[in-house]
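Next up, run-v5.cif (mmCIF, C-alpha atoms and all ligand atoms):
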data_upload
loop_
_atom_site.label_atom_id
_atom_site.label_comp_id
_atom_site.auth_asym_id
_atom_site.auth_seq_id
_atom_site.Cartn_x
_atom_site.Cartn_y
_atom_site.Cartn_z
CA MET D 5 82.89 95.11 102.09
CA PRO D 6 85.81 96.07 104.40
CA ARG D 7 86.02 99.59 105.76
CA LYS D 8 88.44 101.98 104.09
CA ILE D 9 90.97 102.99 106.73
CA ALA D 10 93.81 105.53 106.55
CA ALA D 11 95.79 105.22 109.77
CA GLY D 12 98.67 107.51 110.69
CA ASN D 13 101.41 106.32 113.02
CA TRP D 14 103.29 109.26 114.49
CA LYS D 15 105.73 106.94 116.31
CA MET D 16 107.92 108.92 118.76
CA ASN D 17 107.15 112.22 117.05
CA GLY D 18 104.90 115.05 118.11
CA LEU D 19 104.79 117.74 120.75
CA ARG D 20 101.75 119.79 121.69
CA ALA D 21 102.64 122.31 118.98
CA ASP D 22 102.12 119.55 116.41
CA LEU D 23 98.47 119.16 117.39
CA GLU D 24 97.89 121.86 114.80
CA GLN D 25 98.55 119.12 112.21
CA ALA D 26 96.16 116.73 113.94
CA ARG D 27 93.49 119.45 113.91
CA ALA D 28 94.03 120.06 110.19
CA ILE D 29 93.85 116.33 109.49
CA ALA D 30 90.61 116.07 111.48
CA ALA D 31 89.16 119.05 109.64
CA GLY D 32 90.08 117.61 106.24
CA ALA D 33 88.86 114.07 106.85
CA THR D 34 86.72 112.77 104.02
CA ASP D 35 83.41 110.91 104.05
CA GLY D 36 83.81 107.24 103.28
CA VAL D 37 87.25 106.91 104.85
CA HIS D 38 87.93 106.13 108.47
CA ALA D 39 90.87 108.41 109.36
CA VAL D 40 92.79 107.21 112.41
CA LEU D 41 95.71 108.96 114.08
CA CYS D 42 98.04 107.13 116.47
CA PRO D 43 99.99 109.93 118.17
CA PRO D 44 102.40 109.43 121.04
CA ALA D 45 100.54 108.60 124.25
CA THR D 46 101.21 112.09 125.62
CA LEU D 47 98.94 113.56 122.92
CA LEU D 48 96.33 110.82 122.78
CA ALA D 49 93.66 112.34 125.03
CA VAL D 50 93.71 115.74 123.42
CA ALA D 51 93.83 114.30 119.86
CA SER D 52 90.86 112.11 120.76
CA ASP D 53 88.77 115.19 121.46
CA LEU D 54 89.10 116.39 117.86
CA SER D 55 85.93 115.60 115.96
CA GLY D 56 86.28 113.77 112.66
CA LEU D 57 89.28 111.77 113.84
CA ALA D 58 89.53 108.36 115.45
CA THR D 59 92.66 107.72 117.49
CA GLY D 60 94.77 104.77 118.48
CA GLY D 61 97.65 103.77 120.70
CA GLN D 62 100.92 102.51 119.21
CA THR D 63 101.19 99.46 121.47
CA CYS D 64 99.73 98.22 124.75
CA HIS D 65 100.77 95.94 127.57
CA PRO D 66 99.06 92.53 127.58
CA ALA D 67 98.03 92.89 131.23
CA ALA D 68 95.02 94.92 132.32
CA LYS D 69 96.98 96.71 135.07
CA GLY D 70 99.79 96.20 137.53
CA ALA D 71 103.46 96.76 138.26
CA HIS D 72 104.75 97.50 134.75
CA THR D 73 106.58 100.81 134.99
CA GLY D 74 106.35 102.89 131.85
CA ASP D 75 103.79 100.69 130.14
CA LEU D 76 100.19 101.49 129.25
CA SER D 77 97.25 99.12 129.35
CA ALA D 78 94.69 98.94 126.57
CA ALA D 79 92.06 100.15 129.04
CA MET D 80 94.14 103.30 129.64
CA LEU D 81 94.28 103.96 125.90
CA ALA D 82 90.51 103.48 125.65
CA ASP D 83 90.04 105.77 128.64
CA ALA D 84 92.08 108.44 126.83
CA GLY D 85 89.66 108.19 123.91
CA ALA D 86 91.38 105.69 121.61
CA SER D 87 89.36 103.23 119.59
CA TYR D 88 92.34 101.48 117.93
CA CYS D 89 95.72 100.11 119.00
CA ILE D 90 98.63 99.14 116.74
CA VAL D 91 100.19 95.85 117.84
CA GLY D 92 103.19 94.02 116.43
CA HIS D 93 104.75 96.94 114.59
CA SER D 94 108.15 95.80 113.29
CA GLU D 95 109.88 98.54 115.32
CA ARG D 96 108.35 97.04 118.50
CA ARG D 97 109.25 93.51 117.38
CA ALA D 98 112.86 94.60 116.68
CA ASP D 99 113.47 97.15 119.46
CA HIS D 100 111.59 95.36 122.23
CA GLY D 101 111.91 91.73 121.18
CA GLU D 102 108.16 91.26 120.90
CA SER D 103 107.30 87.76 119.67
CA ASP D 104 104.20 86.61 117.82
CA ALA D 105 102.85 85.28 121.13
CA ASP D 106 103.42 88.70 122.77
CA VAL D 107 101.60 90.37 119.90
CA ALA D 108 98.67 87.97 120.18
CA ALA D 109 98.44 88.75 123.91
CA GLN D 110 98.49 92.49 123.19
CA ALA D 111 95.80 92.13 120.53
CA ARG D 112 93.68 90.14 123.00
CA ALA D 113 94.15 92.89 125.60
CA ALA D 114 93.13 95.49 123.02
CA HIS D 115 89.98 93.50 122.24
CA ASP D 116 89.16 93.10 125.93
CA ALA D 117 89.33 96.89 126.30
CA GLY D 118 87.02 97.39 123.32
CA LEU D 119 89.77 98.54 120.95
CA THR D 120 90.28 97.47 117.36
CA ALA D 121 93.76 95.96 116.98
CA ILE D 122 95.79 97.04 113.95
CA LEU D 123 97.94 93.92 113.78
CA CYS D 124 101.19 94.37 111.83
CA ILE D 125 103.12 91.67 110.03
CA GLY D 126 106.00 91.98 107.59
CA GLU D 127 109.06 90.27 106.18
CA THR D 128 112.65 91.52 106.23
CA LEU D 129 114.63 92.03 103.03
CA ASP D 130 116.68 88.88 103.70
CA GLN D 131 113.49 86.84 104.05
CA ARG D 132 112.08 88.28 100.82
CA GLU D 133 115.32 87.65 98.93
CA ALA D 134 115.37 84.07 100.21
CA GLY D 135 111.91 83.56 98.70
CA ASP D 136 110.33 83.06 102.13
CA THR D 137 107.94 86.03 102.17
CA LEU D 138 104.61 84.20 102.10
CA ALA D 139 105.70 81.46 104.52
CA ILE D 140 107.00 84.06 106.99
CA LEU D 141 103.85 86.15 106.78
CA GLU D 142 101.49 83.20 107.17
CA ALA D 143 103.41 82.05 110.25
CA GLN D 144 103.38 85.58 111.72
CA LEU D 145 99.67 85.90 111.08
CA ASN D 146 98.84 82.55 112.63
CA GLY D 147 101.06 83.26 115.63
CA SER D 148 99.87 86.83 116.23
CA LEU D 149 96.14 86.60 115.62
CA PRO D 150 94.31 85.91 118.88
CA ASP D 151 91.20 83.75 119.30
CA GLY D 152 88.12 85.89 118.97
CA ALA D 153 89.54 88.12 116.22
CA HIS D 154 86.91 89.23 113.73
CA ALA D 155 86.40 91.97 111.18
CA GLY D 156 84.90 94.27 113.81
CA ASN D 157 87.85 94.17 116.20
CA THR D 158 90.92 93.51 114.02
CA VAL D 159 92.60 95.09 111.03
CA ILE D 160 95.71 93.52 109.46
CA ALA D 161 98.55 95.77 108.27
CA TYR D 162 101.08 94.25 105.88
CA GLU D 163 104.27 96.24 106.37
CA PRO D 164 107.39 94.90 104.67
CA VAL D 165 110.20 95.82 107.09
CA TRP D 166 112.44 96.92 104.22
CA ALA D 167 109.83 99.46 103.06
CA ILE D 168 109.22 101.18 106.41
CA GLY D 169 110.73 104.64 106.58
CA THR D 170 113.11 103.85 103.73
CA GLY D 171 111.28 105.47 100.82
CA LYS D 172 111.26 102.03 99.13
CA VAL D 173 107.63 101.19 98.53
CA ALA D 174 106.70 97.64 97.58
CA SER D 175 105.58 97.40 93.97
CA PRO D 176 101.87 96.95 93.24
CA ASP D 177 102.63 93.37 92.10
CA GLN D 178 104.42 92.58 95.38
CA VAL D 179 101.59 94.10 97.43
CA ALA D 180 98.89 92.35 95.40
CA GLU D 181 100.59 88.98 95.80
CA VAL D 182 100.73 89.35 99.58
CA HIS D 183 97.28 90.89 100.07
CA ASP D 184 95.59 88.25 97.92
CA ALA D 185 97.30 85.55 99.98
CA LEU D 186 96.38 87.37 103.21
CA ARG D 187 92.73 87.48 102.21
CA GLY D 188 92.79 83.74 101.59
CA TRP D 189 94.42 82.98 104.97
CA ILE D 190 92.07 85.30 106.87
CA VAL D 191 88.97 83.86 105.22
CA ASP D 192 90.15 80.41 106.32
CA VAL D 193 90.69 81.33 109.98
CA VAL D 194 88.15 84.09 110.71
CA PRO D 195 84.43 83.58 110.02
CA ASP D 196 83.92 87.08 108.59
CA GLY D 197 87.44 87.31 107.14
CA ALA D 198 86.11 88.59 103.82
CA ASP D 199 85.14 91.79 105.65
CA MET D 200 88.39 92.33 107.56
CA ALA D 201 90.26 95.46 106.44
CA LEU D 202 93.76 94.76 105.06
CA LEU D 203 96.10 97.76 105.11
CA TYR D 204 99.43 98.21 103.35
CA GLY D 205 102.20 100.14 105.11
CA GLY D 206 105.68 101.11 103.96
CA SER D 207 106.58 104.52 102.54
CA VAL D 208 103.03 105.28 101.38
CA LYS D 209 102.75 108.84 100.11
CA ALA D 210 100.51 110.91 97.88
CA SER D 211 102.45 109.90 94.76
CA ASN D 212 102.03 106.13 95.20
CA ALA D 213 98.76 105.86 97.17
CA ALA D 214 96.32 105.65 94.26
CA GLU D 215 98.04 102.69 92.57
CA LEU D 216 98.15 100.79 95.86
CA PHE D 217 94.50 101.53 96.71
CA ALA D 218 93.45 100.33 93.25
CA LEU D 219 94.45 96.77 94.26
CA THR D 220 91.53 94.48 95.08
CA ASN D 221 92.54 93.46 98.58
CA VAL D 222 94.08 96.73 99.76
CA ASP D 223 91.52 98.48 101.97
CA GLY D 224 93.72 101.32 103.17
CA ALA D 225 97.12 102.18 104.56
CA LEU D 226 99.14 102.48 107.73
CA VAL D 227 101.28 105.55 107.17
CA GLY D 228 104.30 106.69 109.16
CA GLY D 229 106.30 109.66 107.88
CA ALA D 230 103.59 111.00 105.58
CA SER D 231 101.05 111.16 108.42
CA LEU D 232 102.96 113.84 110.31
CA THR D 233 101.51 116.74 108.36
CA ALA D 234 98.06 117.37 106.96
CA ASP D 235 99.59 118.40 103.64
CA ASP D 236 101.12 114.94 103.24
CA PHE D 237 98.38 112.84 104.86
CA LEU D 238 95.17 114.33 103.47
CA PRO D 239 96.00 113.56 99.81
CA ILE D 240 96.42 109.90 100.87
CA VAL D 241 93.01 110.02 102.58
CA ARG D 242 91.49 111.52 99.44
CA ALA D 243 93.15 108.90 97.21
CA LEU D 244 91.56 106.21 99.38
CA ALA D 245 88.16 107.89 99.17
CA ALA D 246 88.45 107.94 95.39
CA ALA D 247 89.54 104.29 95.10
C1 LIG S 1 104.97 102.66 109.71
O1 LIG S 1 105.73 103.04 110.58
O2 LIG S 1 104.01 101.93 110.01
C2 LIG S 1 105.23 103.09 108.35
C3 LIG S 1 104.60 102.49 107.39
O3 LIG S 1 106.16 104.09 108.18
P1 LIG S 1 106.50 104.87 106.80
O4 LIG S 1 105.17 105.22 106.16
O5 LIG S 1 107.25 106.07 107.22
O6 LIG S 1 107.28 103.93 105.95
#

Spit out the file's structure as structure tokens when you get a sec.
Ligand code: PEP
Amino acid sequence: MPRKIAAGNWKMNGLRADLEQARAIAAGATDGVHAVLCPPATLLAVASDLSGLATGGQTCHPAAKGAHTGDLSAAMLADAGASYCIVGHSERRADHGESDADVAAQARAAHDAGLTAILCIGETLDQREAGDTLAILEAQLNGSLPDGAHAGNTVIAYEPVWAIGTGKVASPDQVAEVHDALRGWIVDVVPDGADMALLYGGSVKASNAAELFALTNVDGALVGGASLTADDFLPIVRALAAA
């Protein structure tokens, strides 16, 4: 059975004063759910020292080291205490032009450094309205998943671009359709694909978490805005524990 994972993506939010929220999240973490916080890199080392909380980076460079000003290698994230790294977030794909091949290289680098990759895929609203959702997602998955991915080093996050930070959550039927298809594709390409955790992301909050976690192939969530405070994030963690 896949692990239950509630991952928070703080994006470019969080100063040292906000570590108070990370501490409260760590203190409120629930048995049976793997709570992961991906703070900005400036807070990663100190957040990693909080017991009860796993941490992750928000991206990594595909190379192990070198002349890449401003970038961080997966080994640096691991050295700071991370055990996860988000790769292929739609904001990285859009803002930094990251392709599926780039994402696969980042995921491979994460694996090489001993990190679990949280690999994000998602369709835009135009693609959904054109009826292309499943074809787009299958192509993104095939293009972004590196050789050697398995349930122990990779988690897939389905994040419809139109639902991220917009307050528009995908309906349970839309999520179920995608996650059931995802499970089928993963089982075909990864030997232990039945055990790979599949997360949903896109405006998850306390009020919609339970109905999403009730779906068969939803093993958790990648949460942006609602991960910034313990008051918003912990009810999501508890809903996952109860699912
Ligand atoms: C995200 O950034 O991965 C995300 C899902 O954001 P939000 O929960 O704010 O929609």

Each side padded by 3 Å, which centre and which edge lengths in Å (one decimal) define the axis-aligned box around the listed atoms of ligand LIG 1 (chain S)? Give them as JSON.
{"center_x": 105.6, "center_y": 104.0, "center_z": 108.3, "size_x": 9.3, "size_y": 10.1, "size_z": 10.6}

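Note that atom CA of D:Ala247 and atom CA of D:Ala39 are 14.9 Å apart.
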
Self-check item: Non-local contacts of D:Ala243 (12 Å; only C-alpha atoms; under 5 positions in same chain excluded) as a PyMOL selection string
Solution: chain D and resi 8-10+33-34+36-37+208-218+223-225+236-238

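Going from atom CA of D:Leu244 to atom CA of D:Ala11 covers 11.3 Å.
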
Self-check item: atom CA of D:Gly56 to atom CA of D:Ala31, distance in Å rounded to a single decimal
Solution: 6.7 Å

Quiz prompt | Proximity to D:His154 - best of D:Cys42, D:Ala180, D:Ile190, D:Ala134, only C-alpha atoms | solution = D:Ile190

Quiz prompt | stretch 47-52 of chain D surroundings by all atoms listed in the file, 10 Å radius, close-in-sequence under 2 positions cut, as a ChimeraX atom specification | solution = /D:18-20,22-24,26-27,30,40-45,54-61,81-87

Quick one: contact table of chain D to ligand LIG 1 (chain S), 6 Å max, nearest atom pair and distance in Å to one decimal per residue, counting all atoms listed in the file, chain and number order, as a tab-separated table?
residue	atom	partner	partner_atom	distance
D:Asn13	CA	S:LIG1	O2	5.9
D:Ala167	CA	S:LIG1	O6	5.9
D:Ile168	CA	S:LIG1	O6	3.4
D:Gly169	CA	S:LIG1	O6	3.6
D:Gly205	CA	S:LIG1	C3	4.1
D:Gly206	CA	S:LIG1	O6	3.8
D:Ser207	CA	S:LIG1	O6	3.5
D:Val208	CA	S:LIG1	O4	5.2
D:Leu226	CA	S:LIG1	O2	5.4
D:Val227	CA	S:LIG1	O4	4.0
D:Gly228	CA	S:LIG1	O3	3.3
D:Gly229	CA	S:LIG1	O5	3.8

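Here the question is which of D:Val165, D:Thr158, D:His183, D:His38 gets nearest to D:Gln131 using all atoms listed in the file, and that residue is D:Val165.
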
Self-check item: Shortest interatomic distance to D:Lys172 - which of D:Leu145, D:Ala153, D:Ala201, D:Leu129, counting only C-alpha atoms
Solution: D:Leu129

Tell me, as a PDB file with C-alpha atoms, in the coordinates of the input, which residues lie within 6 Å of stretch 114-126 of chain D, counting only C-alpha atoms; anything in the same chain fewer than 4 positions away does not count.
ATOM      1  CA  ALA D  78      94.690  98.940 126.570  1.00  0.00           C
ATOM      2  CA  ALA D  79      92.060 100.150 129.040  1.00  0.00           C
ATOM      3  CA  SER D  87      89.360 103.230 119.590  1.00  0.00           C
ATOM      4  CA  TYR D  88      92.340 101.480 117.930  1.00  0.00           C
ATOM      5  CA  CYS D  89      95.720 100.110 119.000  1.00  0.00           C
ATOM      6  CA  ILE D  90      98.630  99.140 116.740  1.00  0.00           C
ATOM      7  CA  VAL D  91     100.190  95.850 117.840  1.00  0.00           C
ATOM      8  CA  GLY D  92     103.190  94.020 116.430  1.00  0.00           C
ATOM      9  CA  HIS D  93     104.750  96.940 114.590  1.00  0.00           C
ATOM     10  CA  ASN D 157      87.850  94.170 116.200  1.00  0.00           C
ATOM     11  CA  THR D 158      90.920  93.510 114.020  1.00  0.00           C
ATOM     12  CA  VAL D 159      92.600  95.090 111.030  1.00  0.00           C
ATOM     13  CA  ILE D 160      95.710  93.520 109.460  1.00  0.00           C
ATOM     14  CA  ALA D 161      98.550  95.770 108.270  1.00  0.00           C
ATOM     15  CA  TYR D 162     101.080  94.250 105.880  1.00  0.00           C
ATOM     16  CA  GLU D 163     104.270  96.240 106.370  1.00  0.00           C
ATOM     17  CA  PRO D 164     107.390  94.900 104.670  1.00  0.00           C
ATOM     18  CA  VAL D 165     110.200  95.820 107.090  1.00  0.00           C
TER      19      VAL D 165
END

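Comparing D:Asp177, D:Asp192, D:Asp199, D:Asp235 by their smallest distance to D:Glu142, the closest is D:Asp192 (using only C-alpha atoms).
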
Practice problem: Within 8 Å of D:Gln25, counting only C-alpha atoms, which residues show up once you throw out same-chain ones fewer than 4 positions away? Write them as a ChimeraX atom specification, please. | Solution: /D:29,232-234

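Residues with any atom within 12 Å of the point (93.6, 83.3, 101.4), counting all atoms listed in the file, are D:Leu138, D:Leu141, D:Glu142, D:Leu145, D:Glu181, D:Val182, D:His183, D:Asp184, D:Ala185, D:Leu186, D:Arg187, D:Gly188, D:Trp189, D:Ile190, D:Val191, D:Asp192, D:Val193, D:Val194, D:Gly197, D:Ala198, D:Asn221.
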
Practice problem: Kindly extract all protein, DNA and RNA residues lying within 6 Å of the coordinates (102.6, 98.3, 129.4) given in the file, considering all atoms listed in the file, and supply them as a PyMOL selection string. | Solution: chain D and resi 64-65+72+75-77

Exercise. Have a look at D:Met80, D:Ala98, D:Arg7, D:Glu127 and name the one nearest to D:Asp35; count only C-alpha atoms.
Key: D:Arg7
